[in-house]
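Printed here is final.pdb (PDB, C-alpha atoms):
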```pdb
ATOM      1  CA  ASP A   1     -17.564   5.448   5.445  1.00  0.00           C
ATOM      2  CA  VAL A   2     -15.487   2.524   4.212  1.00  0.00           C
ATOM      3  CA  LYS A   3     -13.371   0.833   6.775  1.00  0.00           C
ATOM      4  CA  VAL A   4     -10.624  -1.710   7.170  1.00  0.00           C
ATOM      5  CA  THR A   5      -9.823  -2.580  10.751  1.00  0.00           C
ATOM      6  CA  GLN A   6      -6.925  -4.508  12.199  1.00  0.00           C
ATOM      7  CA  SER A   7      -7.076  -6.351  15.488  1.00  0.00           C
ATOM      8  CA  SER A   8      -4.132  -4.633  17.171  1.00  0.00           C
ATOM      9  CA  ARG A   9      -2.151  -1.425  16.667  1.00  0.00           C
ATOM     10  CA  TYR A  10       0.850  -2.639  18.637  1.00  0.00           C
ATOM     11  CA  LEU A  11       1.913  -6.173  19.457  1.00  0.00           C
ATOM     12  CA  VAL A  12       4.938  -7.573  21.254  1.00  0.00           C
ATOM     13  CA  LYS A  13       5.672 -11.288  20.948  1.00  0.00           C
ATOM     14  CA  ARG A  14       8.520 -13.598  21.813  1.00  0.00           C
ATOM     15  CA  THR A  15      10.581 -15.596  19.355  1.00  0.00           C
ATOM     16  CA  GLY A  16       8.889 -18.878  18.521  1.00  0.00           C
ATOM     17  CA  GLU A  17       5.367 -17.759  19.433  1.00  0.00           C
ATOM     18  CA  LYS A  18       2.481 -18.252  17.034  1.00  0.00           C
ATOM     19  CA  VAL A  19       1.050 -14.869  16.067  1.00  0.00           C
ATOM     20  CA  PHE A  20      -2.326 -14.055  14.574  1.00  0.00           C
ATOM     21  CA  LEU A  21      -3.040 -10.731  12.905  1.00  0.00           C
ATOM     22  CA  GLU A  22      -6.634 -10.174  11.912  1.00  0.00           C
ATOM     23  CA  CYS A  23      -8.153  -7.836   9.371  1.00  0.00           C
ATOM     24  CA  VAL A  24     -11.811  -7.066   8.761  1.00  0.00           C
ATOM     25  CA  GLN A  25     -13.335  -4.992   5.965  1.00  0.00           C
ATOM     26  CA  ASP A  26     -16.915  -3.791   5.736  1.00  0.00           C
ATOM     27  CA  MET A  27     -17.020  -2.994   2.011  1.00  0.00           C
ATOM     28  CA  ASP A  28     -17.896  -6.436   0.601  1.00  0.00           C
ATOM     29  CA  HIS A  29     -14.610  -6.432  -1.312  1.00  0.00           C
ATOM     30  CA  GLU A  30     -13.516  -9.567  -3.127  1.00  0.00           C
ATOM     31  CA  ASN A  31      -9.786  -8.988  -2.738  1.00  0.00           C
ATOM     32  CA  MET A  32      -7.768  -8.670   0.436  1.00  0.00           C
ATOM     33  CA  PHE A  33      -4.037  -8.214   0.921  1.00  0.00           C
ATOM     34  CA  TRP A  34      -1.362  -8.412   3.590  1.00  0.00           C
ATOM     35  CA  TYR A  35       1.764  -6.277   3.300  1.00  0.00           C
ATOM     36  CA  ARG A  36       4.735  -5.633   5.478  1.00  0.00           C
ATOM     37  CA  GLN A  37       6.289  -2.186   5.516  1.00  0.00           C
ATOM     38  CA  ASP A  38       9.936  -1.610   6.335  1.00  0.00           C
ATOM     39  CA  PRO A  39      11.914   1.650   6.090  1.00  0.00           C
ATOM     40  CA  GLY A  40      13.485   2.106   2.678  1.00  0.00           C
ATOM     41  CA  LEU A  41      11.705  -0.912   1.217  1.00  0.00           C
ATOM     42  CA  GLY A  42       8.186   0.412   0.804  1.00  0.00           C
ATOM     43  CA  LEU A  43       5.366  -2.101   1.011  1.00  0.00           C
ATOM     44  CA  ARG A  44       5.961  -5.707   0.110  1.00  0.00           C
ATOM     45  CA  LEU A  45       3.119  -8.103  -0.556  1.00  0.00           C
ATOM     46  CA  ILE A  46       3.024 -11.183   1.654  1.00  0.00           C
ATOM     47  CA  TYR A  47      -0.205 -12.865   0.547  1.00  0.00           C
ATOM     48  CA  PHE A  48      -3.437 -11.911  -1.093  1.00  0.00           C
ATOM     49  CA  SER A  49      -6.854 -13.483  -1.466  1.00  0.00           C
ATOM     50  CA  TYR A  50      -9.322 -12.972  -4.296  1.00  0.00           C
ATOM     51  CA  ASP A  51     -12.146 -15.006  -2.808  1.00  0.00           C
ATOM     52  CA  VAL A  52     -13.134 -16.896   0.301  1.00  0.00           C
ATOM     53  CA  LYS A  53     -10.763 -19.797   0.920  1.00  0.00           C
ATOM     54  CA  MET A  54      -8.589 -18.685  -2.000  1.00  0.00           C
ATOM     55  CA  LYS A  55      -5.085 -17.359  -1.511  1.00  0.00           C
ATOM     56  CA  GLU A  56      -2.043 -16.505  -3.560  1.00  0.00           C
ATOM     57  CA  LYS A  57       1.539 -15.984  -2.492  1.00  0.00           C
ATOM     58  CA  GLY A  58       2.936 -12.536  -2.811  1.00  0.00           C
ATOM     59  CA  ASP A  59       6.553 -11.522  -3.014  1.00  0.00           C
ATOM     60  CA  ILE A  60       7.644 -12.538   0.484  1.00  0.00           C
ATOM     61  CA  PRO A  61       5.432 -15.410   1.760  1.00  0.00           C
ATOM     62  CA  GLU A  62       8.141 -17.329   3.610  1.00  0.00           C
ATOM     63  CA  GLY A  63       7.383 -17.681   7.304  1.00  0.00           C
ATOM     64  CA  TYR A  64       3.752 -16.625   6.905  1.00  0.00           C
ATOM     65  CA  SER A  65       0.420 -18.240   6.185  1.00  0.00           C
ATOM     66  CA  VAL A  66      -3.078 -16.830   5.770  1.00  0.00           C
ATOM     67  CA  SER A  67      -6.671 -17.787   6.273  1.00  0.00           C
ATOM     68  CA  ARG A  68      -9.857 -16.466   4.723  1.00  0.00           C
ATOM     69  CA  GLU A  69     -12.904 -18.317   5.948  1.00  0.00           C
ATOM     70  CA  LYS A  70     -15.317 -15.393   5.512  1.00  0.00           C
ATOM     71  CA  LYS A  71     -15.370 -12.718   2.858  1.00  0.00           C
ATOM     72  CA  GLU A  72     -14.856  -9.861   5.284  1.00  0.00           C
ATOM     73  CA  ARG A  73     -12.002 -11.369   7.300  1.00  0.00           C
ATOM     74  CA  PHE A  74      -8.410 -12.127   6.318  1.00  0.00           C
ATOM     75  CA  SER A  75      -5.930 -13.393   8.871  1.00  0.00           C
ATOM     76  CA  LEU A  76      -2.159 -13.429   8.724  1.00  0.00           C
ATOM     77  CA  ILE A  77      -0.398 -16.122  10.747  1.00  0.00           C
ATOM     78  CA  LEU A  78       3.210 -16.255  11.820  1.00  0.00           C
ATOM     79  CA  GLU A  79       3.674 -19.908  12.717  1.00  0.00           C
ATOM     80  CA  SER A  80       6.858 -19.328  14.701  1.00  0.00           C
ATOM     81  CA  ALA A  81       7.718 -15.672  15.059  1.00  0.00           C
ATOM     82  CA  SER A  82      11.298 -14.592  14.485  1.00  0.00           C
ATOM     83  CA  THR A  83      13.056 -11.296  15.152  1.00  0.00           C
ATOM     84  CA  ASN A  84      13.335 -10.580  11.420  1.00  0.00           C
ATOM     85  CA  GLN A  85       9.538 -10.442  11.297  1.00  0.00           C
ATOM     86  CA  THR A  86       9.540  -7.313  13.422  1.00  0.00           C
ATOM     87  CA  SER A  87       7.775  -4.862  11.147  1.00  0.00           C
ATOM     88  CA  MET A  88       4.659  -2.864  10.374  1.00  0.00           C
ATOM     89  CA  TYR A  89       1.915  -5.040   8.901  1.00  0.00           C
ATOM     90  CA  LEU A  90      -0.773  -3.481   6.740  1.00  0.00           C
ATOM     91  CA  CYS A  91      -3.988  -5.048   5.525  1.00  0.00           C
ATOM     92  CA  ALA A  92      -5.874  -3.771   2.475  1.00  0.00           C
ATOM     93  CA  SER A  93      -8.880  -4.629   0.349  1.00  0.00           C
ATOM     94  CA  ASN A  94     -10.321  -3.663  -3.026  1.00  0.00           C
ATOM     95  CA  LEU A  95     -12.774  -4.589  -5.754  1.00  0.00           C
ATOM     96  CA  GLY A  96     -10.254  -5.276  -8.511  1.00  0.00           C
ATOM     97  CA  PRO A  97      -7.049  -4.187 -10.280  1.00  0.00           C
ATOM     98  CA  SER A  98      -8.221  -0.742 -11.372  1.00  0.00           C
ATOM     99  CA  TYR A  99      -9.717   0.073  -8.002  1.00  0.00           C
ATOM    100  CA  GLU A 100      -7.897   1.665  -5.139  1.00  0.00           C
ATOM    101  CA  GLN A 101      -6.873  -0.431  -2.194  1.00  0.00           C
ATOM    102  CA  TYR A 102      -8.256   0.627   1.171  1.00  0.00           C
ATOM    103  CA  PHE A 103      -5.802   0.203   3.990  1.00  0.00           C
ATOM    104  CA  GLY A 104      -6.157  -0.513   7.662  1.00  0.00           C
ATOM    105  CA  PRO A 105      -4.186   1.492  10.248  1.00  0.00           C
ATOM    106  CA  GLY A 106      -1.474  -1.138  10.553  1.00  0.00           C
ATOM    107  CA  THR A 107      -0.117  -3.378  13.288  1.00  0.00           C
ATOM    108  CA  ARG A 108       3.369  -2.681  14.544  1.00  0.00           C
ATOM    109  CA  LEU A 109       4.734  -6.066  15.567  1.00  0.00           C
ATOM    110  CA  THR A 110       7.857  -6.421  17.661  1.00  0.00           C
ATOM    111  CA  VAL A 111       9.368  -9.882  18.118  1.00  0.00           C
ATOM    112  CA  THR A 112      11.891 -10.123  20.941  1.00  0.00           C
TER
ATOM    113  CA  ALA B   1       6.546  -8.006 -11.825  1.00  0.00           C
ATOM    114  CA  GLN B   2       6.485  -4.265 -12.031  1.00  0.00           C
ATOM    115  CA  SER B   3       9.412  -2.213 -10.804  1.00  0.00           C
ATOM    116  CA  VAL B   4       8.656   1.205  -9.308  1.00  0.00           C
ATOM    117  CA  THR B   5      11.352   3.784  -8.622  1.00  0.00           C
ATOM    118  CA  GLN B   6      10.799   6.865  -6.514  1.00  0.00           C
ATOM    119  CA  LEU B   7      13.676   9.276  -6.900  1.00  0.00           C
ATOM    120  CA  GLY B   8      14.705  10.656  -3.531  1.00  0.00           C
ATOM    121  CA  SER B   9      13.840   9.026  -0.240  1.00  0.00           C
ATOM    122  CA  HIS B  10      13.564  12.417   1.469  1.00  0.00           C
ATOM    123  CA  VAL B  11      12.378  15.751   0.117  1.00  0.00           C
ATOM    124  CA  SER B  12      12.402  18.990   2.100  1.00  0.00           C
ATOM    125  CA  VAL B  13      10.417  21.991   0.900  1.00  0.00           C
ATOM    126  CA  SER B  14       9.508  25.381   2.295  1.00  0.00           C
ATOM    127  CA  GLU B  15       5.904  26.162   3.076  1.00  0.00           C
ATOM    128  CA  GLY B  16       4.369  27.663  -0.063  1.00  0.00           C
ATOM    129  CA  ALA B  17       6.925  26.108  -2.399  1.00  0.00           C
ATOM    130  CA  LEU B  18       6.320  23.559  -5.143  1.00  0.00           C
ATOM    131  CA  VAL B  19       6.241  19.914  -4.155  1.00  0.00           C
ATOM    132  CA  LEU B  20       7.538  17.518  -6.828  1.00  0.00           C
ATOM    133  CA  LEU B  21       7.811  13.794  -6.183  1.00  0.00           C
ATOM    134  CA  ARG B  22       9.120  11.598  -8.964  1.00  0.00           C
ATOM    135  CA  CYS B  23       7.923   8.123  -9.888  1.00  0.00           C
ATOM    136  CA  ASN B  24       9.087   5.918 -12.747  1.00  0.00           C
ATOM    137  CA  TYR B  25       7.899   2.406 -13.470  1.00  0.00           C
ATOM    138  CA  SER B  26       8.863  -0.452 -15.739  1.00  0.00           C
ATOM    139  CA  SER B  27       6.006  -1.780 -17.780  1.00  0.00           C
ATOM    140  CA  SER B  28       5.461  -3.017 -21.288  1.00  0.00           C
ATOM    141  CA  VAL B  29       1.700  -3.009 -20.841  1.00  0.00           C
ATOM    142  CA  PRO B  30      -0.674  -0.201 -19.906  1.00  0.00           C
ATOM    143  CA  PRO B  31      -0.547   0.283 -16.180  1.00  0.00           C
ATOM    144  CA  TYR B  32      -2.872   1.493 -13.501  1.00  0.00           C
ATOM    145  CA  LEU B  33      -1.029   4.129 -11.467  1.00  0.00           C
ATOM    146  CA  PHE B  34      -1.642   5.318  -7.931  1.00  0.00           C
ATOM    147  CA  TRP B  35      -0.212   7.744  -5.395  1.00  0.00           C
ATOM    148  CA  TYR B  36      -0.841   7.081  -1.731  1.00  0.00           C
ATOM    149  CA  VAL B  37      -0.001   9.169   1.330  1.00  0.00           C
ATOM    150  CA  GLN B  38       0.767   7.888   4.803  1.00  0.00           C
ATOM    151  CA  TYR B  39       0.606  10.165   7.807  1.00  0.00           C
ATOM    152  CA  PRO B  40       2.449   9.126  10.975  1.00  0.00           C
ATOM    153  CA  ASN B  41       0.984   6.067  12.669  1.00  0.00           C
ATOM    154  CA  GLN B  42      -1.718   5.654  10.044  1.00  0.00           C
ATOM    155  CA  GLY B  43      -2.437   3.417   7.094  1.00  0.00           C
ATOM    156  CA  LEU B  44      -2.166   4.518   3.482  1.00  0.00           C
ATOM    157  CA  GLN B  45      -4.727   6.828   1.919  1.00  0.00           C
ATOM    158  CA  LEU B  46      -5.293   7.285  -1.813  1.00  0.00           C
ATOM    159  CA  LEU B  47      -4.258  10.677  -3.186  1.00  0.00           C
ATOM    160  CA  LEU B  48      -5.093  10.030  -6.826  1.00  0.00           C
ATOM    161  CA  LYS B  49      -5.064   7.396  -9.548  1.00  0.00           C
ATOM    162  CA  TYR B  50      -4.771   7.005 -13.294  1.00  0.00           C
ATOM    163  CA  THR B  51      -6.570   4.210 -15.085  1.00  0.00           C
ATOM    164  CA  THR B  52      -7.560   5.522 -18.533  1.00  0.00           C
ATOM    165  CA  GLY B  53      -8.419   8.802 -20.232  1.00  0.00           C
ATOM    166  CA  ALA B  54      -6.950  12.178 -19.365  1.00  0.00           C
ATOM    167  CA  THR B  55      -3.296  11.867 -18.485  1.00  0.00           C
ATOM    168  CA  LEU B  56      -3.353  14.734 -15.976  1.00  0.00           C
ATOM    169  CA  VAL B  57      -5.240  13.599 -12.904  1.00  0.00           C
ATOM    170  CA  LYS B  58      -6.229  15.653  -9.913  1.00  0.00           C
ATOM    171  CA  GLY B  59      -6.448  14.297  -6.430  1.00  0.00           C
ATOM    172  CA  ILE B  60      -7.202  15.346  -2.911  1.00  0.00           C
ATOM    173  CA  ASN B  61      -5.504  18.150  -1.002  1.00  0.00           C
ATOM    174  CA  GLY B  62      -4.444  20.006  -4.172  1.00  0.00           C
ATOM    175  CA  PHE B  63      -2.191  17.265  -5.553  1.00  0.00           C
ATOM    176  CA  GLU B  64      -2.054  16.260  -9.188  1.00  0.00           C
ATOM    177  CA  ALA B  65      -0.017  13.863 -11.310  1.00  0.00           C
ATOM    178  CA  GLU B  66       0.658  13.404 -14.989  1.00  0.00           C
ATOM    179  CA  PHE B  67       0.985  10.057 -16.749  1.00  0.00           C
ATOM    180  CA  LYS B  68       3.659  10.199 -19.432  1.00  0.00           C
ATOM    181  CA  LYS B  69       3.747   6.929 -21.317  1.00  0.00           C
ATOM    182  CA  SER B  70       6.853   7.773 -23.333  1.00  0.00           C
ATOM    183  CA  GLU B  71       8.785   8.478 -20.147  1.00  0.00           C
ATOM    184  CA  THR B  72       7.104   5.707 -18.073  1.00  0.00           C
ATOM    185  CA  SER B  73       6.601   8.325 -15.390  1.00  0.00           C
ATOM    186  CA  PHE B  74       3.850   9.444 -13.038  1.00  0.00           C
ATOM    187  CA  HIS B  75       5.241  12.401 -11.096  1.00  0.00           C
ATOM    188  CA  LEU B  76       3.231  13.990  -8.295  1.00  0.00           C
ATOM    189  CA  THR B  77       3.059  17.748  -7.817  1.00  0.00           C
ATOM    190  CA  LYS B  78       1.456  20.342  -5.596  1.00  0.00           C
ATOM    191  CA  PRO B  79       1.949  24.027  -6.407  1.00  0.00           C
ATOM    192  CA  SER B  80       2.135  25.267  -2.827  1.00  0.00           C
ATOM    193  CA  ALA B  81       3.188  23.109   0.108  1.00  0.00           C
ATOM    194  CA  HIS B  82       1.378  23.262   3.412  1.00  0.00           C
ATOM    195  CA  MET B  83       2.631  22.095   6.771  1.00  0.00           C
ATOM    196  CA  SER B  84      -0.033  19.387   6.733  1.00  0.00           C
ATOM    197  CA  ASP B  85       1.604  17.836   3.644  1.00  0.00           C
ATOM    198  CA  ALA B  86       4.404  16.441   5.789  1.00  0.00           C
ATOM    199  CA  ALA B  87       4.021  12.680   5.326  1.00  0.00           C
ATOM    200  CA  GLU B  88       5.369   9.707   3.407  1.00  0.00           C
ATOM    201  CA  TYR B  89       4.245   9.284  -0.184  1.00  0.00           C
ATOM    202  CA  PHE B  90       4.136   6.063  -2.163  1.00  0.00           C
ATOM    203  CA  CYS B  91       3.770   5.505  -5.866  1.00  0.00           C
ATOM    204  CA  ALA B  92       2.149   2.204  -6.862  1.00  0.00           C
ATOM    205  CA  VAL B  93       1.555   0.414 -10.143  1.00  0.00           C
ATOM    206  CA  SER B  94      -0.529  -2.533 -11.276  1.00  0.00           C
ATOM    207  CA  ASP B  95      -0.906  -4.148 -14.668  1.00  0.00           C
ATOM    208  CA  ALA B  96      -4.086  -3.252 -16.521  1.00  0.00           C
ATOM    209  CA  LEU B  97      -4.140  -6.489 -18.481  1.00  0.00           C
ATOM    210  CA  GLY B  98      -4.819  -9.956 -17.227  1.00  0.00           C
ATOM    211  CA  ASP B  99      -6.001 -10.768 -13.751  1.00  0.00           C
ATOM    212  CA  ASP B 100      -2.973  -9.753 -11.763  1.00  0.00           C
ATOM    213  CA  TYR B 101      -4.375  -8.098  -8.671  1.00  0.00           C
ATOM    214  CA  LYS B 102      -1.061  -7.076  -7.252  1.00  0.00           C
ATOM    215  CA  LEU B 103       0.201  -3.572  -6.665  1.00  0.00           C
ATOM    216  CA  SER B 104       3.918  -2.886  -6.799  1.00  0.00           C
ATOM    217  CA  PHE B 105       5.006  -0.040  -4.532  1.00  0.00           C
ATOM    218  CA  GLY B 106       7.945   2.282  -4.649  1.00  0.00           C
ATOM    219  CA  ALA B 107      10.173   2.627  -1.593  1.00  0.00           C
ATOM    220  CA  GLY B 108       8.458   5.858  -0.571  1.00  0.00           C
ATOM    221  CA  THR B 109       9.443   9.514  -0.281  1.00  0.00           C
ATOM    222  CA  THR B 110       9.258  11.332   3.035  1.00  0.00           C
ATOM    223  CA  VAL B 111       8.273  14.983   2.683  1.00  0.00           C
ATOM    224  CA  THR B 112       9.299  17.533   5.283  1.00  0.00           C
ATOM    225  CA  VAL B 113       7.808  21.027   5.129  1.00  0.00           C
ATOM    226  CA  ARG B 114       9.836  23.916   6.588  1.00  0.00           C
ATOM    227  CA  ALA B 115       8.069  26.911   8.041  1.00  0.00           C
TER
END
```

Would it be possible to restate this file's structure as structure tokens?
Amino acid sequence: DVKVTQSSRYLVKRTGEKVFLECVQDMDHENMFWYRQDPGLGLRLIYFSYDVKMKEKGDIPEGYSVSREKKERFSLILESASTNQTSMYLCASNLGPSYEQYFGPGTRLTVT
Amino acid sequence: AQSVTQLGSHVSVSEGALVLLRCNYSSSVPPYLFWYVQYPNQGLQLLLKYTTGATLVKGINGFEAEFKKSETSFHLTKPSAHMSDAAEYFCAVSDALGDDYKLSFGAGTTVTVRA
């Protein structure tokens, strides 16, 4: 069974902290994605990666960075967390544009 | 970038009634089209997708959707709602040409099923 796992389901951090969200997929997928999900806004793409060490900005990259050192792992980094980054973060992976994206269960991040 | 519009942020249906969720997109090129479902406290799960071929596609749990190019629509239907269909549904679109890997999502429609 295909699987995308995320390091935490719930996370509470303080303003200004550095936050790491990790995502691992076991499907040997080339592409990995980070989204944030907010009520009424759907999913918005933060960053994606189409190969190891390769990354592309999505629609809302400000305040975030990413790292992909191994094919199966894609990390999202909040350099200095702010309250407006309180959200649900979803990781996904797929083989290519015509293929479905497989999603992890999400990390609900609260920044206080 | 694609624009995806889901008409109605909330839909309430009676158990056994038709479920109809509307999705329109803006695209001048052939798209790939997807419907995803999200149950509470879970990630998104694919319901169905259209890439090429038959414009009426069937998915899991009795859902189906029809791609209508002239209307730039990909509406999702289920003939008879079940309590387990209560969830949030997202329409998503990606461009079939070029190497754009990105999916554009609609804002989502929350479905409530009344007993």

- What lies within 9 Å of region 14-25 of chain B using only C-alpha atoms, ignoring chain neighbours under 2 positions off, as a ChimeraX atom specification? /B:2-8,11-12,27,63,71-83,89-93,106,109,111-115

Got a sec to resolve the PyMOL selection byres ((chain A) within 8 of (chain B)) on this structure and send the residues as a PyMOL selection string?
chain A and resi 39-45+90+96-98+100-106

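CA of Gln6 (chain A) sits 18.8 Å away from CA of Val37 (chain B).
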
Pick out the residues sitting within 9 Å of Glu79 (chain A), and hand them over as an MDAnalysis selection string; count only C-alpha atoms, and ignore anything fewer than 4 positions along from it in its own chain.
chainID A and resid 16:20 63:65

Selection near Ser67 (chain A), 10 Å with all atoms listed in the file, sequence-local residues under 2 positions removed, as a PyMOL selection string
chain A and resi 22+47-49+52-55+65+69-70+73-77

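With distances restricted to all atoms listed in the file, A:Leu11 is the closest residue to Met88 (chain A) from A:Val24, A:Leu11, A:Ile60, A:Met32.
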
With distances taken over all atoms listed in the file, the candidate from A:Leu78, A:Cys91, A:Val111, A:Ile46 nearest Ser7 (chain A) is A:Cys91

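With CA of Gln85 (chain A) on one side and CA of Asn31 (chain A) on the other, the separation reads 23.9 Å.
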
Return as JSON the box centre and box size in Å, one decimal, for an axis-aligned box around all listed atoms of region 41-54 of chain B padded by 4 Å per side.
```
{"center_x": -3.7, "center_y": 7.8, "center_z": -3.8, "size_x": 17.4, "size_y": 16.8, "size_z": 40.9}
```

Requested in this report: Give me the residues within 8 Å of His29 (chain A) as a VMD selection string, counting all atoms listed in the file and dropping any in the same chain fewer than 6 places off.
Outcome: chain A and resid 71 to 72 93 to 95

Next, dump the selected residues to file, keeping only C-alpha atoms, as a tab-separated table (two decimals), keeping the file's coordinate frame.
```tsv
chain	number	residue	atom	x	y	z
A	71	LYS	CA	-15.37	-12.72	2.86
A	72	GLU	CA	-14.86	-9.86	5.28
A	93	SER	CA	-8.88	-4.63	0.35
A	94	ASN	CA	-10.32	-3.66	-3.03
A	95	LEU	CA	-12.77	-4.59	-5.75
```
